[in-house]
file final19.cif (mmCIF, C-alpha atoms)
data_query
#
loop_
_atom_site.label_atom_id
_atom_site.label_comp_id
_atom_site.auth_asym_id
_atom_site.auth_seq_id
_atom_site.Cartn_x
_atom_site.Cartn_y
_atom_site.Cartn_z
CA GLY A 1 40.07 127.06 102.34
CA VAL A 2 36.36 128.00 102.24
CA HIS A 3 35.84 131.63 101.29
CA PHE A 4 33.06 134.18 101.63
CA GLU A 5 32.81 136.99 99.09
CA TYR A 6 31.85 140.55 99.95
CA LEU A 7 30.02 142.11 97.03
CA PRO A 8 30.35 145.75 95.97
CA PRO A 9 27.37 148.07 96.56
CA VAL A 10 24.33 147.23 94.43
CA THR A 11 21.86 149.82 93.15
CA VAL A 12 18.71 149.79 91.03
CA ARG A 13 18.35 152.98 88.99
CA ALA A 14 15.46 152.35 86.59
CA LEU A 15 12.87 149.87 85.31
CA GLU A 16 11.81 149.76 81.67
CA PRO A 17 8.89 149.52 81.27
CA SER A 18 7.74 150.70 84.67
CA ARG A 19 4.15 149.49 84.25
CA GLY A 20 2.33 146.40 83.03
CA PRO A 21 -0.86 144.33 83.33
CA VAL A 22 -2.06 142.75 86.58
CA ASP A 23 -1.83 139.36 84.83
CA GLY A 24 1.95 139.64 84.94
CA GLY A 25 4.27 138.60 82.12
CA THR A 26 5.82 142.01 81.44
CA PHE A 27 9.47 141.71 80.42
CA VAL A 28 11.22 144.28 82.65
CA ASN A 29 14.69 145.63 81.97
CA VAL A 30 16.37 146.53 85.29
CA THR A 31 19.33 148.91 85.06
CA GLY A 32 21.69 149.78 87.89
CA SER A 33 25.17 148.85 89.07
CA GLY A 34 27.02 146.14 90.95
CA PHE A 35 25.13 143.18 89.44
CA SER A 36 27.51 140.29 90.10
CA ALA A 37 28.16 137.70 87.42
CA ARG A 38 29.33 135.29 90.14
CA SER A 39 26.00 135.62 91.98
CA ALA A 40 24.20 134.97 88.71
CA GLN A 41 26.25 131.79 88.15
CA LEU A 42 25.22 130.59 91.61
CA GLY A 43 21.53 131.36 90.92
CA TYR A 44 21.38 134.00 93.65
CA VAL A 45 20.08 136.92 91.56
CA TRP A 46 16.37 137.65 91.98
CA CYS A 47 13.96 140.54 91.50
CA ARG A 48 11.34 141.09 94.16
CA PHE A 49 8.03 142.70 93.20
CA ASN A 50 6.49 143.69 96.52
CA THR A 51 6.77 140.31 98.32
CA THR A 52 7.00 138.04 95.26
CA SER A 53 10.47 137.07 94.04
CA VAL A 54 11.23 135.99 90.48
CA ALA A 55 14.51 134.79 88.99
CA ALA A 56 16.53 137.42 87.15
CA ALA A 57 18.54 136.92 83.98
CA TRP A 58 21.99 138.52 84.24
CA VAL A 59 23.01 140.57 81.20
CA SER A 60 25.84 142.67 82.56
CA SER A 61 27.01 144.38 85.73
CA THR A 62 24.51 147.16 84.93
CA GLU A 63 21.56 145.23 83.49
CA LEU A 64 19.19 142.46 84.56
CA HIS A 65 16.01 141.07 83.01
CA CYS A 66 12.98 140.00 85.06
CA VAL A 67 9.46 138.92 84.16
CA ALA A 68 6.87 140.62 86.37
CA PRO A 69 4.66 138.18 88.28
CA ALA A 70 0.89 138.61 88.58
CA HIS A 71 -0.20 141.12 91.20
CA ALA A 72 -3.20 143.19 92.19
CA ALA A 73 -3.54 146.66 90.65
CA GLY A 74 -1.37 149.36 92.19
CA VAL A 75 2.23 150.50 92.61
CA VAL A 76 4.76 148.09 94.15
CA GLY A 77 8.41 148.36 95.07
CA VAL A 78 10.95 146.41 93.03
CA GLU A 79 14.28 145.45 94.54
CA VAL A 80 17.14 143.11 93.65
CA THR A 81 19.07 140.56 95.68
CA LEU A 82 22.42 138.99 94.83
CA ASN A 83 22.41 136.49 97.71
CA GLU A 84 18.72 135.50 98.07
CA GLN A 85 18.64 137.40 101.37
CA GLN A 86 19.61 141.06 101.36
CA HIS A 87 17.83 143.36 98.91
CA THR A 88 18.49 146.80 97.49
CA ARG A 89 16.54 149.72 98.95
CA ASP A 90 16.49 152.18 96.07
CA GLY A 91 12.74 152.68 95.87
CA ALA A 92 12.20 151.53 92.27
CA ARG A 93 8.49 151.34 91.48
CA PHE A 94 6.42 149.24 89.09
CA GLU A 95 2.74 149.97 88.45
CA TYR A 96 0.28 147.13 87.88
CA GLU A 97 -2.65 148.18 85.72
CA VAL A 98 -5.95 146.59 84.79
CA VAL A 99 -5.64 146.21 81.02
CA SER A 100 -8.67 145.15 79.03
CA ALA A 101 -9.82 144.81 75.43
CA HIS A 102 -13.48 145.67 74.91
CA GLY A 103 -13.98 144.94 71.23
CA VAL A 104 -12.73 145.22 67.68
CA HIS A 105 -13.93 147.22 64.68
CA PRO A 106 -14.73 145.98 62.17
CA THR A 107 -15.62 142.66 63.74
CA SER A 108 -14.99 140.66 60.56
CA GLY A 109 -12.93 140.58 57.40
CA PRO A 110 -11.91 138.32 54.50
CA ILE A 111 -9.82 135.19 54.99
CA ALA A 112 -7.17 136.81 52.76
CA GLY A 113 -6.42 139.27 55.57
CA GLY A 114 -5.59 142.94 55.09
CA THR A 115 -8.39 144.39 57.23
CA LEU A 116 -7.32 147.39 59.33
CA VAL A 117 -8.67 146.44 62.76
CA GLU A 118 -9.19 148.78 65.70
CA VAL A 119 -8.76 147.00 69.03
CA ARG A 120 -10.50 149.11 71.67
CA GLY A 121 -9.83 148.76 75.37
CA ALA A 122 -8.39 150.48 78.43
CA GLY A 123 -5.03 150.79 80.15
CA ILE A 124 -2.96 149.84 77.10
CA ALA A 125 0.54 151.10 77.91
CA LEU A 126 2.86 152.76 75.40
CA PRO A 127 5.24 150.03 74.13
CA ASP A 128 9.01 150.18 74.44
CA ALA A 129 11.60 148.89 71.97
CA ARG A 130 10.20 145.35 72.25
CA GLY A 131 7.10 146.55 70.44
CA LEU A 132 3.36 146.11 70.31
CA PHE A 133 1.64 143.28 68.44
CA CYS A 134 -1.74 141.72 67.76
CA GLN A 135 -2.22 137.98 67.42
CA PHE A 136 -5.22 136.63 65.53
CA GLY A 137 -5.89 133.06 66.62
CA ALA A 138 -2.94 130.80 65.83
CA ALA A 139 -1.48 133.12 63.18
CA ASP A 140 1.89 134.77 63.69
CA ALA A 141 1.68 138.05 65.61
CA VAL A 142 1.52 141.21 63.49
CA THR A 143 2.93 144.63 64.32
CA ALA A 144 0.43 147.03 65.90
CA THR A 145 0.27 150.81 66.27
CA HIS A 146 -0.39 152.38 69.66
CA SER A 147 -2.93 155.14 69.01
CA SER A 148 -3.82 155.74 72.66
CA ARG A 149 -4.30 153.87 75.93
CA GLU A 150 -7.76 152.97 74.61
CA LEU A 151 -6.96 152.14 70.98
CA VAL A 152 -4.54 149.87 69.09
CA LEU A 153 -4.50 149.47 65.30
CA CYS A 154 -3.35 146.31 63.51
CA MET A 155 -3.70 144.70 60.09
CA ALA A 156 -5.38 141.30 60.18
CA PRO A 157 -3.12 138.57 58.73
CA PRO A 158 -4.50 135.87 56.44
CA SER A 159 -6.58 133.25 58.20
CA VAL A 160 -4.62 130.12 59.13
CA GLU A 161 -5.18 127.56 56.36
CA GLY A 162 -7.93 129.79 54.95
CA ALA A 163 -10.36 128.81 57.70
CA VAL A 164 -13.63 130.70 58.08
CA GLY A 165 -14.86 131.55 61.59
CA ALA A 166 -14.16 133.51 64.77
CA VAL A 167 -10.68 133.67 66.32
CA PRO A 168 -9.46 135.34 69.54
CA VAL A 169 -7.44 138.54 69.19
CA ARG A 170 -4.73 139.14 71.81
CA ILE A 171 -2.49 142.14 72.41
CA ILE A 172 1.21 141.50 73.08
CA ASN A 173 2.90 144.53 74.61
CA ASN A 174 6.46 144.74 75.96
CA ASP A 175 6.60 140.93 75.56
CA ALA A 176 3.59 140.52 77.88
CA VAL A 177 0.52 138.76 76.49
CA TYR A 178 -2.64 140.49 77.67
CA THR A 179 -5.10 137.81 78.71
CA SER A 180 -8.13 139.96 77.92
CA VAL A 181 -9.21 138.87 74.43
CA VAL A 182 -11.81 139.85 71.86
CA ALA A 183 -13.02 138.05 68.75
CA PHE A 184 -12.57 138.69 65.02
CA THR A 185 -14.45 136.66 62.42
CA TYR A 186 -12.89 135.60 59.14
CA ARG A 187 -15.36 135.57 56.24
CA ALA A 188 -15.26 133.86 52.86
CA ILE A 189 -14.02 135.93 49.92
CA ILE A 190 -16.88 137.89 48.33
CA GLU A 191 -17.53 137.55 44.62
CA VAL A 192 -20.09 139.31 42.42
CA TYR A 193 -21.10 137.22 39.38
CA ARG A 194 -23.67 139.51 37.75
CA VAL A 195 -26.18 142.27 38.38
CA HIS A 196 -29.78 142.79 37.21
CA PRO A 197 -30.73 145.06 35.59
CA VAL A 198 -27.41 146.00 34.03
CA VAL A 199 -28.53 149.55 33.17
CA GLY A 200 -30.27 152.33 35.07
CA LEU A 201 -31.19 155.99 34.86
CA ARG A 202 -28.65 158.79 35.21
CA SER A 203 -30.77 160.08 38.11
CA GLY A 204 -30.06 156.94 40.19
CA GLY A 205 -32.73 155.13 42.18
CA THR A 206 -32.62 151.83 40.26
CA LEU A 207 -33.23 148.77 42.42
CA VAL A 208 -30.29 146.49 41.51
CA THR A 209 -30.03 142.81 42.42
CA LEU A 210 -26.51 141.39 42.76
CA TYR A 211 -25.81 137.66 42.40
CA GLY A 212 -22.66 136.14 43.84
CA SER A 213 -21.12 134.38 46.86
CA GLY A 214 -19.90 135.31 50.30
CA PHE A 215 -22.86 137.64 50.93
CA ILE A 216 -24.07 137.98 54.52
CA ASP A 217 -26.61 140.24 56.19
CA THR A 218 -24.82 142.70 58.50
CA LEU A 219 -25.32 146.36 59.40
CA LEU A 220 -22.12 147.11 57.47
CA THR A 221 -22.95 145.25 54.25
CA ARG A 222 -22.59 147.73 51.40
CA CYS A 223 -22.69 147.96 47.63
CA ARG A 224 -20.18 150.28 46.03
CA PHE A 225 -21.00 151.91 42.70
CA ALA A 226 -17.65 153.34 41.59
CA ASP A 227 -16.69 155.23 44.79
CA VAL A 228 -20.18 155.67 46.26
CA LEU A 229 -21.36 153.32 49.04
CA VAL A 230 -25.01 152.43 49.58
CA PRO A 231 -26.69 150.03 52.06
CA ALA A 232 -27.40 146.48 50.89
CA ARG A 233 -30.13 144.03 51.84
CA LEU A 234 -29.73 140.25 51.72
CA LEU A 235 -32.64 138.77 49.77
CA ALA A 236 -31.49 135.15 49.79
CA PRO A 237 -28.21 133.24 49.89
CA GLY A 238 -26.06 134.66 47.10
CA GLN A 239 -28.48 137.49 46.38
CA LEU A 240 -28.23 141.15 47.49
CA GLU A 241 -30.32 144.18 46.68
CA CYS A 242 -29.08 147.79 46.47
CA THR A 243 -30.41 151.07 45.11
CA SER A 244 -28.12 152.76 42.61
CA PRO A 245 -26.87 156.16 43.83
CA LEU A 246 -26.62 159.36 41.82
CA PRO A 247 -23.48 158.94 39.67
CA ALA A 248 -20.85 161.54 38.78
CA ALA A 249 -21.49 160.99 35.07
CA SER A 250 -23.18 158.66 32.60
CA GLY A 251 -21.39 155.49 31.60
CA TYR A 252 -20.16 152.23 33.13
CA VAL A 253 -19.18 151.89 36.80
CA PRO A 254 -17.85 148.84 38.69
CA VAL A 255 -20.16 147.38 41.35
CA GLU A 256 -18.54 145.64 44.33
CA VAL A 257 -19.69 144.40 47.74
CA SER A 258 -18.34 144.57 51.31
CA THR A 259 -19.65 143.05 54.53
CA ASN A 260 -17.57 145.31 56.80
CA ALA A 261 -17.66 148.61 54.84
CA GLN A 262 -13.89 148.37 54.36
CA ASP A 263 -12.84 145.30 52.35
CA PHE A 264 -14.57 145.04 48.98
CA SER A 265 -14.82 142.36 46.32
CA SER A 266 -12.81 142.85 43.14
CA SER A 267 -14.99 141.02 40.62
CA GLY A 268 -15.12 143.69 37.91
CA VAL A 269 -18.86 143.49 37.24
CA HIS A 270 -20.23 146.76 35.79
CA PHE A 271 -23.50 148.70 35.84
CA GLU A 272 -24.34 151.25 33.15
CA TYR A 273 -25.92 154.64 33.85
#
call {"tool": "encode", "arguments": {"input": "final19.cif", "output": "structure tokens"}}
result
Amino acid sequence: GVHFEYLPPVTVRALEPSRGPVDGGTFVNVTGSGFSARSAQLGYVWCRFNTTSVAAAWVSSTELHCVAPAHAAGVVGVEVTLNEQQHTRDGARFEYEVVSAHGVHPTSGPIAGGTLVEVRGAGIALPDARGLFCQFGAADAVTATHSSRELVLCMAPPSVEGAVGAVPVRIINNDAVYTSVVAFTYRAIIEVYRVHPVVGLRSGGTLVTLYGSGFIDTLLTRCRFADVLVPARLLAPGQLECTSPLPAASGYVPVEVSTNAQDFSSSGVHFEY
């Protein structure tokens, strides 16, 4: 009463995505025909990337899911078996790429989040329907925009528990977590308490000292007089110095501070021209 089952022909037509990082972890959708539910129940369905086999998740007779293992850079054949022995020979190919993240810009932002961060790297593949994300430290991943294979854009989420300090930034693409990481530093919220002097000439050029908190000395630290940005110099903790620019007109203008030339304080302190 023991039986042996002959399976119908099995084919692999396409892989989606067809490329991923050498670290492995890419969630690959395998489409084809003849994928047996019975073989899946017996645990016989596997995907083989070159010589490395990984278990496949059966979805339907035309769809399997596999997670690509780690492999050296290059193109490898991907085939399927339904009996842990005989494999398809359809010539499906998967390309392993060296994916890296080189840095972020700006390198810091407020703990409240909201900074538009450029993650710069190489070999970043175009995402499929599973999407592209950035993860800042232990915070939930946020949606990212694929600008090119060298650039991803994402909005920094709020710092976990409002903590100040550096956190790793990871890219998650097609459900694969890229192991190459860069750092982003969360800074304290900037506040401007007062300025001195509070008035200056219509021609600009007044040396203005700002008193507040959250000031740091970076190449991107700026004072903003209305919509005009000027460099700032840290004199002491809680004390910045800027030169007032030429204004559009006489009158009062708000003066705010940024340490990354993007996210500014919102303290509402004014300077009069």
call {"tool": "closest_atom_pairs", "arguments": {"input": "final19.cif", "of": "segment 76-116 of chain A", "to": "segment 137-150 of chain A", "cutoff": "10 Å", "atoms": "all atoms listed in the file", "output": "Markdown table"}}
result
| residue | atom | partner | partner_atom | distance |
| --- | --- | --- | --- | --- |
| A:Val99 | CA | A:Arg149 | CA | 9.3 |
| A:Ser100 | CA | A:Glu150 | CA | 9.0 |
| A:Ala101 | CA | A:Glu150 | CA | 8.5 |
| A:His102 | CA | A:Glu150 | CA | 9.3 |
call {"tool": "atom_distance", "arguments": {"input": "final19.cif", "atom1": "atom CA of Glu256 of chain A", "atom2": "atom CA of Ile111 of chain A"}}
result
17.3 Å
call {"tool": "resolve_selection", "arguments": {"input": "final19.cif", "expression": "the PyMOL selection byres ((chain A and resi 55-63) around 12)", "output": "ChimeraX atom specification"}}
result
/A:7-16,27-49,52-54,64-69,79-84
call {"tool": "closest_residue", "arguments": {"input": "final19.cif", "among": "A:Pro197, A:Gly162, A:Gly204, A:Gly113", "to": "Ser250 of chain A", "atoms": "all atoms listed in the file"}}
result
A:Gly204
call {"tool": "atom_distance", "arguments": {"input": "final19.cif", "atom1": "atom CA of Thr221 of chain A", "atom2": "atom CA of Val119 of chain A"}}
result
20.6 Å
call {"tool": "atom_distance", "arguments": {"input": "final19.cif", "atom1": "atom CA of Ala112 of chain A", "atom2": "atom CA of Pro127 of chain A"}}
result
28.0 Å
call {"tool": "resolve_selection", "arguments": {"input": "final19.cif", "expression": "the PyMOL selection byres ((chain A and resi 164) around 9)", "output": "list in words"}}
result
Pro110, Ile111, Ser159, Gly162, Ala163, Gly165, Ala166, Thr185, Tyr186, Arg187 and Ala188 of chain A
call {"tool": "closest_residue", "arguments": {"input": "final19.cif", "among": "A:Glu118, A:Thr51, A:Thr107, A:Gln135", "to": "His87 of chain A", "atoms": "only C-alpha atoms"}}
result
A:Thr51
call {"tool": "resolve_selection", "arguments": {"input": "final19.cif", "expression": "the PyMOL selection byres ((chain A and resi 232) around 8)", "output": "ChimeraX atom specification"}}
result
/A:221-223,230-231,233-234,240-243
call {"tool": "closest_residue", "arguments": {"input": "final19.cif", "among": "A:His71, A:Gly123, A:Thr115, A:Ser265", "to": "Pro157 of chain A", "atoms": "all atoms listed in the file"}}
result
A:Thr115
call {"tool": "closest_residue", "arguments": {"input": "final19.cif", "among": "A:Ala183, A:Leu126, A:Val78, A:Ala226", "to": "His105 of chain A", "atoms": "only C-alpha atoms"}}
result
A:Ala183
call {"tool": "residues_around", "arguments": {"input": "final19.cif", "residues": "Ile171 of chain A", "least_positions_apart": "3", "cutoff": "8 Å", "atoms": "all atoms listed in the file", "output": "VMD selection string"}}
result
chain A and resid 132 to 135 177 to 178 181
call {"tool": "write_last_selection", "arguments": {"input": "final19.cif", "atoms": "C-alpha atoms", "output": "compact mmCIF listing (two decimals), in the frame of the given file"}}
result
# COMPACT_ATOMS: atom_id res chain seq x y z
CA LEU A 132 3.36 146.11 70.31
CA PHE A 133 1.64 143.28 68.44
CA CYS A 134 -1.74 141.72 67.76
CA GLN A 135 -2.22 137.98 67.42
CA VAL A 177 0.52 138.76 76.49
CA TYR A 178 -2.64 140.49 77.67
CA VAL A 181 -9.21 138.87 74.43
call {"tool": "residues_near_point", "arguments": {"input": "final19.cif", "point": "(-14.2, 146.5, 49.7)", "cutoff": "12 Å", "atoms": "only C-alpha atoms", "output": "ChimeraX atom specification"}}
result
/A:109-110,114-116,189-192,220-229,254-267
call {"tool": "closest_residue", "arguments": {"input": "final19.cif", "among": "A:Met155, A:Val199, A:Val22, A:Ala92", "to": "Ser244 of chain A", "atoms": "only C-alpha atoms"}}
result
A:Val199
call {"tool": "closest_residue", "arguments": {"input": "final19.cif", "among": "A:Phe136, A:Gly212, A:Phe94, A:Thr179", "to": "Asp23 of chain A", "atoms": "all atoms listed in the file"}}
result
A:Thr179
call {"tool": "build_atoms", "arguments": {"input": "final19.cif", "residues": "segment 233-244 of chain A", "atoms": "all heavy atoms", "output": "CSV table (one decimal), in the coordinates of the input"}}
result
chain,number,residue,atom,x,y,z
A,233,ARG,N,-29.2,144.9,51.1
A,233,ARG,CA,-30.1,144.0,51.8
A,233,ARG,C,-30.0,142.6,51.3
A,233,ARG,O,-30.1,142.4,50.0
A,233,ARG,CB,-31.5,144.6,51.7
A,233,ARG,CG,-32.6,143.8,52.4
A,233,ARG,CD,-33.9,144.5,52.5
A,233,ARG,NE,-34.5,144.6,51.2
A,233,ARG,CZ,-35.5,143.7,50.7
A,233,ARG,NH1,-35.9,142.7,51.5
A,233,ARG,NH2,-36.0,143.9,49.5
A,234,LEU,N,-29.8,141.6,52.2
A,234,LEU,CA,-29.7,140.2,51.7
A,234,LEU,C,-31.1,139.7,51.4
A,234,LEU,O,-32.0,139.7,52.3
A,234,LEU,CB,-29.1,139.4,52.8
A,234,LEU,CG,-28.7,138.0,52.4
A,234,LEU,CD1,-27.6,137.9,51.4
A,234,LEU,CD2,-28.3,137.2,53.7
A,235,LEU,N,-31.4,139.3,50.2
A,235,LEU,CA,-32.6,138.8,49.8
A,235,LEU,C,-32.7,137.3,50.0
A,235,LEU,O,-33.7,136.7,50.4
A,235,LEU,CB,-32.9,139.1,48.3
A,235,LEU,CG,-33.0,140.6,47.9
A,235,LEU,CD1,-33.2,140.7,46.4
A,235,LEU,CD2,-34.1,141.3,48.7
A,236,ALA,N,-31.6,136.6,49.7
A,236,ALA,CA,-31.5,135.2,49.8
A,236,ALA,C,-30.0,134.8,49.7
A,236,ALA,O,-29.2,135.7,49.4
A,236,ALA,CB,-32.3,134.5,48.6
A,237,PRO,N,-29.6,133.6,50.0
A,237,PRO,CA,-28.2,133.2,49.9
A,237,PRO,C,-27.7,133.6,48.5
A,237,PRO,O,-28.3,133.1,47.5
A,237,PRO,CB,-28.2,131.7,50.2
A,237,PRO,CG,-29.4,131.5,51.1
A,237,PRO,CD,-30.4,132.5,50.6
A,238,GLY,N,-26.6,134.3,48.4
A,238,GLY,CA,-26.1,134.7,47.1
A,238,GLY,C,-26.8,135.7,46.4
A,238,GLY,O,-26.6,135.9,45.1
A,239,GLN,N,-27.7,136.5,47.1
A,239,GLN,CA,-28.5,137.5,46.4
A,239,GLN,C,-28.7,138.7,47.3
A,239,GLN,O,-29.2,138.7,48.4
A,239,GLN,CB,-29.9,136.9,46.0
A,239,GLN,CG,-30.7,137.7,45.0
A,239,GLN,CD,-31.9,136.9,44.6
A,239,GLN,OE1,-31.9,135.7,44.7
A,239,GLN,NE2,-32.9,137.6,44.2
A,240,LEU,N,-28.1,139.9,46.8
A,240,LEU,CA,-28.2,141.2,47.5
A,240,LEU,C,-29.0,142.2,46.7
A,240,LEU,O,-29.1,142.1,45.4
A,240,LEU,CB,-26.8,141.8,47.7
A,240,LEU,CG,-26.0,141.3,48.9
A,240,LEU,CD1,-24.7,142.0,48.9
A,240,LEU,CD2,-26.7,141.4,50.2
A,241,GLU,N,-29.6,143.1,47.4
A,241,GLU,CA,-30.3,144.2,46.7
A,241,GLU,C,-29.8,145.6,47.1
A,241,GLU,O,-29.7,145.8,48.3
A,241,GLU,CB,-31.8,144.1,47.0
A,241,GLU,CG,-32.7,145.0,46.2
A,241,GLU,CD,-34.2,144.8,46.6
A,241,GLU,OE1,-34.6,145.1,47.7
A,241,GLU,OE2,-34.9,144.2,45.7
A,242,CYS,N,-29.5,146.4,46.2
A,242,CYS,CA,-29.1,147.8,46.5
A,242,CYS,C,-29.8,148.8,45.5
A,242,CYS,O,-30.2,148.4,44.4
A,242,CYS,CB,-27.6,147.9,46.2
A,242,CYS,SG,-26.5,146.8,47.2
A,243,THR,N,-29.9,150.0,46.0
A,243,THR,CA,-30.4,151.1,45.1
A,243,THR,C,-29.3,151.9,44.6
A,243,THR,O,-28.4,152.4,45.3
A,243,THR,CB,-31.4,152.0,45.9
A,243,THR,OG1,-32.4,151.2,46.4
A,243,THR,CG2,-31.9,153.1,45.0
A,244,SER,N,-29.2,152.0,43.2
A,244,SER,CA,-28.1,152.8,42.6
A,244,SER,C,-28.1,154.2,43.0
A,244,SER,O,-29.2,154.9,43.1
A,244,SER,CB,-28.2,152.7,41.1
A,244,SER,OG,-29.4,153.3,40.6
